[in-house]
>>> print(open('upload38.cif').read())   # mmCIF, C-alpha atoms
data_final
loop_
_atom_site.label_atom_id
_atom_site.label_comp_id
_atom_site.auth_asym_id
_atom_site.auth_seq_id
_atom_site.Cartn_x
_atom_site.Cartn_y
_atom_site.Cartn_z
CA MET A 349 0.00 0.00 0.00
CA ARG A 350 1.19 3.51 -0.83
CA LEU A 351 0.63 6.19 1.82
CA SER A 352 1.54 9.82 1.20
CA VAL A 353 1.43 12.71 3.65
CA ILE A 354 1.54 16.46 3.04
CA THR A 355 2.82 18.20 6.18
CA LEU A 356 4.84 21.11 7.52
CA PHE A 357 6.65 18.73 9.89
CA PRO A 358 8.04 15.71 7.99
CA GLU A 359 10.41 14.93 10.86
CA MET A 360 7.46 13.84 13.00
CA PHE A 361 6.67 11.12 10.48
CA HIS A 362 10.25 10.06 9.79
CA ALA A 363 10.76 9.40 13.50
CA TYR A 364 7.62 7.33 14.04
CA LEU A 365 7.50 5.50 10.71
CA GLY A 366 11.17 4.62 11.03
CA ALA A 367 10.66 2.40 14.09
CA GLY A 368 8.83 -0.73 15.18
CA ILE A 369 6.03 -2.25 13.15
CA MET A 370 5.89 0.72 10.76
CA LYS A 371 9.57 0.28 9.87
CA ARG A 372 9.07 -3.45 9.44
CA ALA A 373 6.14 -2.81 7.10
CA ALA A 374 8.23 -0.39 5.05
CA ASP A 375 11.23 -2.74 4.89
CA LYS A 376 9.23 -5.67 3.50
CA PRO A 377 7.74 -3.49 1.82
CA VAL A 378 4.13 -3.95 2.86
CA ALA A 379 3.71 -0.16 2.98
CA ILE A 380 5.47 2.57 1.00
CA PHE A 381 5.57 5.95 2.76
CA ASP A 382 6.02 9.25 0.95
CA ILE A 383 6.33 12.27 3.28
CA ILE A 384 6.06 15.61 1.49
CA GLN A 385 7.15 18.99 2.89
CA LEU A 386 4.45 21.53 2.04
CA ARG A 387 6.86 24.48 2.19
CA ASP A 388 8.67 23.10 -0.86
CA PHE A 389 5.69 24.27 -2.91
CA ALA A 390 5.56 27.86 -1.66
CA THR A 391 6.59 30.40 -4.32
CA ASP A 392 8.08 33.24 -2.27
CA ARG A 393 11.52 33.43 -0.68
CA HIS A 394 10.03 33.08 2.81
CA ARG A 395 8.28 29.81 1.80
CA THR A 396 4.95 31.16 3.03
CA VAL A 397 2.08 28.67 3.22
CA ASP A 398 -0.44 30.67 5.27
CA ASP A 399 -2.17 34.03 5.20
CA TYR A 400 -4.69 36.14 7.15
CA PRO A 401 -8.33 35.01 6.95
CA TYR A 402 -10.77 37.02 4.88
CA GLY A 403 -13.32 38.69 7.14
CA GLY A 404 -10.85 39.00 9.99
CA GLY A 405 -10.42 36.85 13.04
CA PRO A 406 -7.58 35.23 14.95
CA GLY A 407 -4.89 33.02 13.51
CA MET A 408 -3.84 32.18 9.98
CA VAL A 409 -5.28 29.99 7.22
CA MET A 410 -3.29 27.62 4.99
CA LYS A 411 -3.16 28.95 1.42
CA PRO A 412 -4.67 26.92 -1.43
CA GLU A 413 -1.85 27.26 -4.00
CA PRO A 414 0.92 25.37 -2.12
CA LEU A 415 -1.54 22.61 -1.17
CA GLN A 416 -2.67 22.20 -4.77
CA GLU A 417 0.91 21.99 -6.03
CA ALA A 418 1.85 19.51 -3.30
CA LEU A 419 -1.13 17.35 -4.26
CA LYS A 420 -0.08 17.48 -7.91
CA TYR A 421 3.42 16.38 -6.93
CA ALA A 422 2.16 13.56 -4.70
CA THR A 423 0.01 12.16 -7.52
CA ARG A 424 2.46 12.78 -10.37
CA ASP A 425 2.69 9.04 -11.10
CA GLY A 426 -0.99 8.98 -12.10
CA LEU A 427 -2.00 6.31 -9.61
CA PRO A 428 -5.59 6.46 -8.30
CA THR A 429 -5.61 8.32 -4.99
CA ARG A 430 -7.97 8.69 -2.05
CA THR A 431 -7.28 12.08 -0.46
CA VAL A 432 -8.02 12.40 3.26
CA LEU A 433 -8.04 15.60 5.28
CA VAL A 434 -7.58 14.96 8.99
CA SER A 435 -9.98 17.42 10.56
CA PRO A 436 -12.23 17.90 13.62
CA GLN A 437 -15.13 18.22 11.16
CA GLY A 438 -14.63 14.71 9.81
CA LYS A 439 -16.26 11.40 10.63
CA THR A 440 -14.90 9.86 13.82
CA PHE A 441 -12.24 7.24 13.13
CA THR A 442 -13.11 3.67 14.14
CA GLN A 443 -11.62 0.20 13.81
CA GLN A 444 -14.14 -0.49 11.05
CA MET A 445 -12.84 2.52 9.13
CA ALA A 446 -9.27 1.31 9.66
CA GLN A 447 -10.23 -2.07 8.21
CA ALA A 448 -11.89 -0.47 5.19
CA LEU A 449 -8.88 1.78 4.54
CA SER A 450 -6.50 -1.18 4.83
CA GLU A 451 -8.39 -2.83 1.96
CA GLU A 452 -8.17 0.28 -0.21
CA LYS A 453 -6.55 -0.33 -3.61
CA ARG A 454 -5.83 3.36 -4.17
CA ARG A 455 -3.00 5.35 -2.64
CA LEU A 456 -3.98 7.02 0.65
CA LEU A 457 -2.96 10.67 0.71
CA PHE A 458 -3.26 12.59 4.00
CA ILE A 459 -3.31 16.37 4.30
CA CYS A 460 -2.22 17.66 7.70
CA GLY A 461 -3.69 21.04 8.53
CA ARG A 462 -2.15 23.64 10.85
CA TYR A 463 -3.02 27.09 12.16
CA GLU A 464 -6.78 27.79 11.88
CA GLY A 465 -7.20 25.20 9.12
CA ILE A 466 -7.04 25.15 5.33
CA ASP A 467 -8.74 27.31 2.73
CA GLU A 468 -12.28 25.96 2.29
CA ARG A 469 -11.84 25.74 -1.48
CA VAL A 470 -9.22 23.04 -1.04
CA ARG A 471 -11.62 21.08 1.16
CA GLU A 472 -14.40 21.42 -1.42
CA SER A 473 -12.46 20.63 -4.59
CA LEU A 474 -9.43 18.49 -3.72
CA VAL A 475 -10.40 16.36 -0.71
CA ASP A 476 -12.32 13.06 -0.92
CA GLU A 477 -13.17 12.77 2.77
CA GLU A 478 -12.45 14.15 6.22
CA ILE A 479 -11.58 12.01 9.25
CA SER A 480 -11.41 13.02 12.91
CA VAL A 481 -9.71 11.04 15.66
CA GLY A 482 -11.84 12.52 18.43
CA ASP A 483 -13.65 15.49 19.88
CA TYR A 484 -10.71 17.48 21.16
CA VAL A 485 -8.32 20.12 19.82
CA LEU A 486 -4.72 19.46 18.70
CA THR A 487 -2.13 21.83 17.28
CA GLY A 488 -2.14 20.15 13.87
CA GLY A 489 -3.07 17.13 11.79
CA GLU A 490 0.20 15.24 12.15
CA LEU A 491 -0.70 13.18 15.22
CA PRO A 492 -4.17 12.25 13.88
CA ALA A 493 -2.61 11.22 10.56
CA LEU A 494 -0.10 9.03 12.38
CA VAL A 495 -2.89 7.43 14.42
CA ILE A 496 -4.80 6.55 11.26
CA ILE A 497 -1.71 5.32 9.43
CA ASP A 498 -0.67 3.12 12.36
CA ALA A 499 -4.14 1.59 12.66
CA VAL A 500 -4.31 0.92 8.91
CA VAL A 501 -0.80 -0.38 8.27
CA ARG A 502 -0.85 -2.91 11.10
CA LEU A 503 -3.87 -4.53 9.41
CA LEU A 504 -1.96 -5.10 6.17
CA PRO A 505 -0.98 -8.75 5.57
CA GLY A 506 2.61 -9.26 6.67
CA ALA A 507 2.89 -6.09 8.76
CA LEU A 508 2.71 -7.90 12.11
CA GLY A 509 5.00 -10.72 13.15
CA ASP A 510 2.07 -12.68 14.60
CA GLU A 511 -1.01 -12.42 12.38
CA ASP A 512 -3.12 -14.23 15.00
CA SER A 513 -2.78 -11.26 17.35
CA LEU A 514 -5.08 -9.28 15.07
CA LYS A 515 -7.91 -11.69 15.74
CA GLU A 516 -7.87 -11.29 19.51
CA GLU A 517 -6.97 -7.66 20.17
CA SER A 518 -9.30 -4.89 21.32
CA PHE A 519 -12.13 -3.96 18.96
CA SER A 520 -11.46 -6.82 16.52
CA TRP A 521 -14.82 -8.25 17.61
CA GLY A 522 -16.23 -5.02 19.00
CA ILE A 523 -15.19 -5.22 22.67
CA LEU A 524 -12.12 -4.50 24.77
CA ASP A 525 -9.24 -6.92 25.21
CA TYR A 526 -8.97 -9.40 28.08
CA PRO A 527 -6.35 -8.96 30.87
CA GLN A 528 -2.82 -10.10 30.03
CA TYR A 529 -0.18 -11.60 32.36
CA THR A 530 3.40 -12.80 32.08
CA ARG A 531 6.06 -14.20 34.43
CA PRO A 532 6.56 -14.30 37.37
CA PRO A 533 3.38 -16.11 38.50
CA GLU A 534 3.30 -13.98 41.68
CA TRP A 535 4.40 -10.35 41.94
CA ASN A 536 4.00 -8.05 44.94
CA GLY A 537 1.56 -10.53 46.42
CA LEU A 538 -0.59 -10.53 43.27
CA LYS A 539 -1.06 -13.89 41.54
CA VAL A 540 -1.78 -14.80 37.94
CA PRO A 541 -5.26 -16.39 37.66
CA GLU A 542 -4.95 -20.17 38.09
CA VAL A 543 -6.79 -20.92 34.84
CA LEU A 544 -3.99 -19.31 32.82
CA LEU A 545 -1.49 -21.72 34.39
CA SER A 546 -3.67 -24.79 33.85
CA GLY A 547 -2.75 -25.60 30.25
CA ASN A 548 -6.46 -26.13 29.54
CA HIS A 549 -6.83 -24.13 26.33
CA ALA A 550 -10.61 -24.36 26.20
CA ALA A 551 -10.91 -23.10 29.78
CA ILE A 552 -8.43 -20.32 29.06
CA ALA A 553 -10.42 -19.25 25.99
CA ARG A 554 -13.65 -19.14 28.03
CA TRP A 555 -11.97 -17.14 30.80
CA ARG A 556 -10.54 -14.63 28.32
CA ARG A 557 -13.90 -14.19 26.62
CA LYS A 558 -15.63 -13.62 29.92
CA GLU A 559 -13.03 -11.18 31.23
CA ALA A 560 -13.06 -9.23 27.97
CA LEU A 561 -16.80 -8.86 28.34
CA ARG A 562 -16.41 -7.90 32.01
CA ARG A 563 -13.86 -5.20 31.18
CA THR A 564 -16.05 -3.81 28.39
CA LEU A 565 -19.14 -3.84 30.59
CA ASN A 566 -17.31 -1.90 33.30
CA ASN A 567 -15.31 0.52 31.15
CA ARG A 568 -17.13 0.95 27.83
CA PRO A 569 -20.68 -0.39 28.26
CA GLU A 570 -21.87 1.37 25.11
CA LEU A 571 -19.78 -1.07 23.05
CA ILE A 572 -21.82 -4.03 24.28
CA GLU A 573 -24.90 -2.86 22.39
CA LYS A 574 -22.95 -2.45 19.15
CA ALA A 575 -20.96 -5.68 19.30
CA GLY A 576 -23.65 -8.08 18.03
CA LEU A 577 -22.95 -10.66 20.71
CA ALA A 578 -23.92 -14.31 20.41
CA PRO A 579 -26.42 -15.86 22.88
CA GLU A 580 -23.63 -17.55 24.86
CA GLU A 581 -21.86 -14.20 25.26
CA LEU A 582 -25.05 -12.57 26.47
CA GLU A 583 -25.32 -15.39 29.01
CA LEU A 584 -21.77 -14.61 30.16
CA ILE A 585 -22.75 -10.98 30.67
CA ARG A 586 -25.73 -12.08 32.76
CA ARG A 587 -23.38 -14.15 34.95
CA ILE A 588 -20.92 -11.27 35.26
CA LYS A 589 -23.68 -8.96 36.47
CA GLU A 590 -24.79 -11.56 39.00
CA GLU A 591 -21.23 -12.02 40.27
CA GLU A 592 -20.68 -8.29 40.66
CA TYR A 593 -24.05 -7.85 42.36
CA GLU A 594 -23.12 -10.54 44.88
CA SER A 595 -19.69 -9.04 45.48
CA ASP A 596 -21.24 -5.62 46.18
CA LYS A 597 -23.54 -6.96 48.91
#
>>> encode(input="upload38.cif", output="C-alpha cells")
Amino acid sequence: MRLSVITLFPEMFHAYLGAGIMKRAADKPVAIFDIIQLRDFATDRHRTVDDYPYGGGPGMVMKPEPLQEALKYATRDGLPTRTVLVSPQGKTFTQQMAQALSEEKRRLLFICGRYEGIDERVRESLVDEEISVGDYVLTGGELPALVIIDAVVRLLPGALGDEDSLKEESFSWGILDYPQYTRPPEWNGLKVPEVLLSGNHAAIARWRRKEALRRTLNNRPELIEKAGLAPEELELIRRIKEEEYESDK
C-alpha cells in the first residue's frame, strides 16, 4: 500500500514511521511511505504557506496554492488516490474505518492542517473525505494522521509478526481486550489467575472471553450494544452482572 502525507513537519513522520512495526512494514515493503514537505511548494523566498483570513479573526489559514501543487506532486505518477483531510469536522475514526482503509486499492494521501485550518476551497475541490480522531483540539493534523496510518498499516498482511494477534486484540470483535499476564506467577503478592497456568486451552479461551466482556461492561458499556454478541456471550454478561451484584452486597 502507498501512503503519502503532506505536512509542515516531515520529521514527526520520519521518527515514528522509522521504528517498530511501521519500519518493518516499510522494509518488506508492505507499505510505501512518501512524506512531502508543504513548504517546498511555496513560491516566495520566505516559503509562506499561510495568510490572514478574509473577514478578519484570529490566527492564519493555509493557502490553497501550495496545497494544490503539493497534491499534484504527490500524484504525479498517475496512480488512483484517495485524499483524506484529517480534521475535527470529519467522521470519527473507528476500527471499522481502519479495516476499510486497509483494503483500499488506491494510494492514501493525507493532508495535515495547521493554524486555523485550510482554505475551504481546497476542502471542497481536492479532498475526498475528512476524518477526525476525536472530539478534542490538537495543534495540527500530524498526530491524527499518524494514528490513522498506524491503525491501517498494522492490518496489512505481513505487517505484524504474529497475524493471530489481530484476531484477539481490542475492537477486533467489537469489545475491549482481556487482561494479560506474564512471568513471574506472583508479583507483589498478586497472583496470575490459576486458569492461565492450567494448560487447559478451552478453559483459558472461556476465561478470556468472559473477562473481555467484564472489562467492556465496566469501562465501555456502550460497546456491548454495538458488538452483536452471540447468545452464549449474552449469558456470560448475565453471569458477570450476578457475580458483581453478589460481590457488592
>>> residues_around(input="upload38.cif", residues="Gln444 (chain A)", least_positions_apart="5", cutoff="12 Å", atoms="only C-alpha atoms", output="JSON, numbers by chain")
{"A": [449, 450, 451, 496, 499, 500, 503, 519, 520, 521, 522, 575]}
>>> residues_around(input="upload38.cif", residues="Thr442 (chain A)", least_positions_apart="2", cutoff="10 Å", atoms="only C-alpha atoms", output="list in words")
Lys439, Thr440, Gln444, Met445, Ala446, Gln447, Ala448, Ile479, Ser480, Val481, Gly482, Ile496, Ala499 and Phe519 of chain A
>>> residues_around(input="upload38.cif", residues="region 578-588 of chain A", least_positions_apart="5", cutoff="10 Å", atoms="all atoms listed in the file", output="PyMOL selection string")
chain A and resi 554+557-559+561-562+565+572+593-594
>>> resolve_selection(input="upload38.cif", expression="the PyMOL selection byres ((chain A and resi 417) around 12)", output="number ranges by chain")
A: 354, 384-391, 397, 411-416, 418-424, 470, 474
>>> resolve_selection(input="upload38.cif", expression="the PyMOL selection byres ((chain A and resi 456) around 10)", output="list in words")
Met349, Arg350, Leu351, Ser352, Val353, Phe381, Pro428, Thr429, Arg430, Thr431, Val432, Leu449, Ser450, Glu452, Lys453, Arg454, Arg455, Leu457, Phe458 and Ile497 of chain A
>>> atom_distance(input="upload38.cif", atom1="CA of Asp476 (chain A)", atom2="CA of Met408 (chain A)")
23.6 Å
>>> atom_distance(input="upload38.cif", atom1="CA of Val485 (chain A)", atom2="CA of Gly407 (chain A)")
14.8 Å
>>> closest_residue(input="upload38.cif", among="A:Pro358, A:Arg531, A:Pro436, A:Ile459", to="Tyr484 (chain A)", atoms="only C-alpha atoms")
A:Pro436
>>> resolve_selection(input="upload38.cif", expression="the PyMOL selection byres ((chain A and resi 371) around 12)", output="list in words")
Phe361, His362, Ala363, Tyr364, Leu365, Gly366, Ala367, Gly368, Ile369, Met370, Arg372, Ala373, Ala374, Asp375, Lys376, Pro377, Val378, Ala379, Ile380, Phe381, Asp498, Val501, Arg502, Ala507 and Leu508 of chain A
>>> write_last_selection(input="upload38.cif", atoms="C-alpha atoms", output="mmCIF file, in the frame of the given file")
data_model
loop_
_atom_site.group_PDB
_atom_site.id
_atom_site.type_symbol
_atom_site.label_atom_id
_atom_site.label_comp_id
_atom_site.auth_asym_id
_atom_site.auth_seq_id
_atom_site.Cartn_x
_atom_site.Cartn_y
_atom_site.Cartn_z
ATOM 1 C CA PHE A 361 6.670 11.120 10.480
ATOM 2 C CA HIS A 362 10.250 10.060 9.790
ATOM 3 C CA ALA A 363 10.760 9.400 13.500
ATOM 4 C CA TYR A 364 7.620 7.330 14.040
ATOM 5 C CA LEU A 365 7.500 5.500 10.710
ATOM 6 C CA GLY A 366 11.170 4.620 11.030
ATOM 7 C CA ALA A 367 10.660 2.400 14.090
ATOM 8 C CA GLY A 368 8.830 -0.730 15.180
ATOM 9 C CA ILE A 369 6.030 -2.250 13.150
ATOM 10 C CA MET A 370 5.890 0.720 10.760
ATOM 11 C CA ARG A 372 9.070 -3.450 9.440
ATOM 12 C CA ALA A 373 6.140 -2.810 7.100
ATOM 13 C CA ALA A 374 8.230 -0.390 5.050
ATOM 14 C CA ASP A 375 11.230 -2.740 4.890
ATOM 15 C CA LYS A 376 9.230 -5.670 3.500
ATOM 16 C CA PRO A 377 7.740 -3.490 1.820
ATOM 17 C CA VAL A 378 4.130 -3.950 2.860
ATOM 18 C CA ALA A 379 3.710 -0.160 2.980
ATOM 19 C CA ILE A 380 5.470 2.570 1.000
ATOM 20 C CA PHE A 381 5.570 5.950 2.760
ATOM 21 C CA ASP A 498 -0.670 3.120 12.360
ATOM 22 C CA VAL A 501 -0.800 -0.380 8.270
ATOM 23 C CA ARG A 502 -0.850 -2.910 11.100
ATOM 24 C CA ALA A 507 2.890 -6.090 8.760
ATOM 25 C CA LEU A 508 2.710 -7.900 12.110
#
>>> atom_distance(input="upload38.cif", atom1="CA of Leu538 (chain A)", atom2="CA of Glu590 (chain A)")
24.6 Å
>>> closest_residue(input="upload38.cif", among="A:Glu490, A:Gln528, A:Pro406, A:Ile523", to="Gln443 (chain A)", atoms="only C-alpha atoms")
A:Ile523
>>> residues_around(input="upload38.cif", residues="Glu542 (chain A)", least_positions_apart="6", cutoff="12 Å", atoms="all atoms listed in the file", output="PDB file with C-alpha atoms, keeping the file's coordinate frame")
ATOM      1  CA  TYR A 529      -0.180 -11.600  32.360  1.00  0.00           C
ATOM      2  CA  PRO A 533       3.380 -16.110  38.500  1.00  0.00           C
ATOM      3  CA  GLU A 534       3.300 -13.980  41.680  1.00  0.00           C
ATOM      4  CA  ASN A 548      -6.460 -26.130  29.540  1.00  0.00           C
ATOM      5  CA  ALA A 551     -10.910 -23.100  29.780  1.00  0.00           C
ATOM      6  CA  ILE A 552      -8.430 -20.320  29.060  1.00  0.00           C
ATOM      7  CA  TRP A 555     -11.970 -17.140  30.800  1.00  0.00           C
TER       8      TRP A 555
END
>>> closest_residue(input="upload38.cif", among="A:Leu504, A:Ser546, A:Val434, A:Leu494", to="Glu478 (chain A)", atoms="only C-alpha atoms")
A:Val434
>>> residues_around(input="upload38.cif", residues="Arg462 (chain A)", least_positions_apart="2", cutoff="7 Å", atoms="only C-alpha atoms", output="PDB file with C-alpha atoms, keeping the file's coordinate frame")
ATOM      1  CA  CYS A 460      -2.220  17.660   7.700  1.00  0.00           C
ATOM      2  CA  GLU A 464      -6.780  27.790  11.880  1.00  0.00           C
ATOM      3  CA  GLY A 465      -7.200  25.200   9.120  1.00  0.00           C
ATOM      4  CA  THR A 487      -2.130  21.830  17.280  1.00  0.00           C
ATOM      5  CA  GLY A 488      -2.140  20.150  13.870  1.00  0.00           C
ATOM      6  CA  GLY A 489      -3.070  17.130  11.790  1.00  0.00           C
TER       7      GLY A 489
END
>>> closest_residue(input="upload38.cif", among="A:Thr396, A:Ser435, A:Ser473, A:Ser595", to="Leu491 (chain A)", atoms="all atoms listed in the file")
A:Ser435
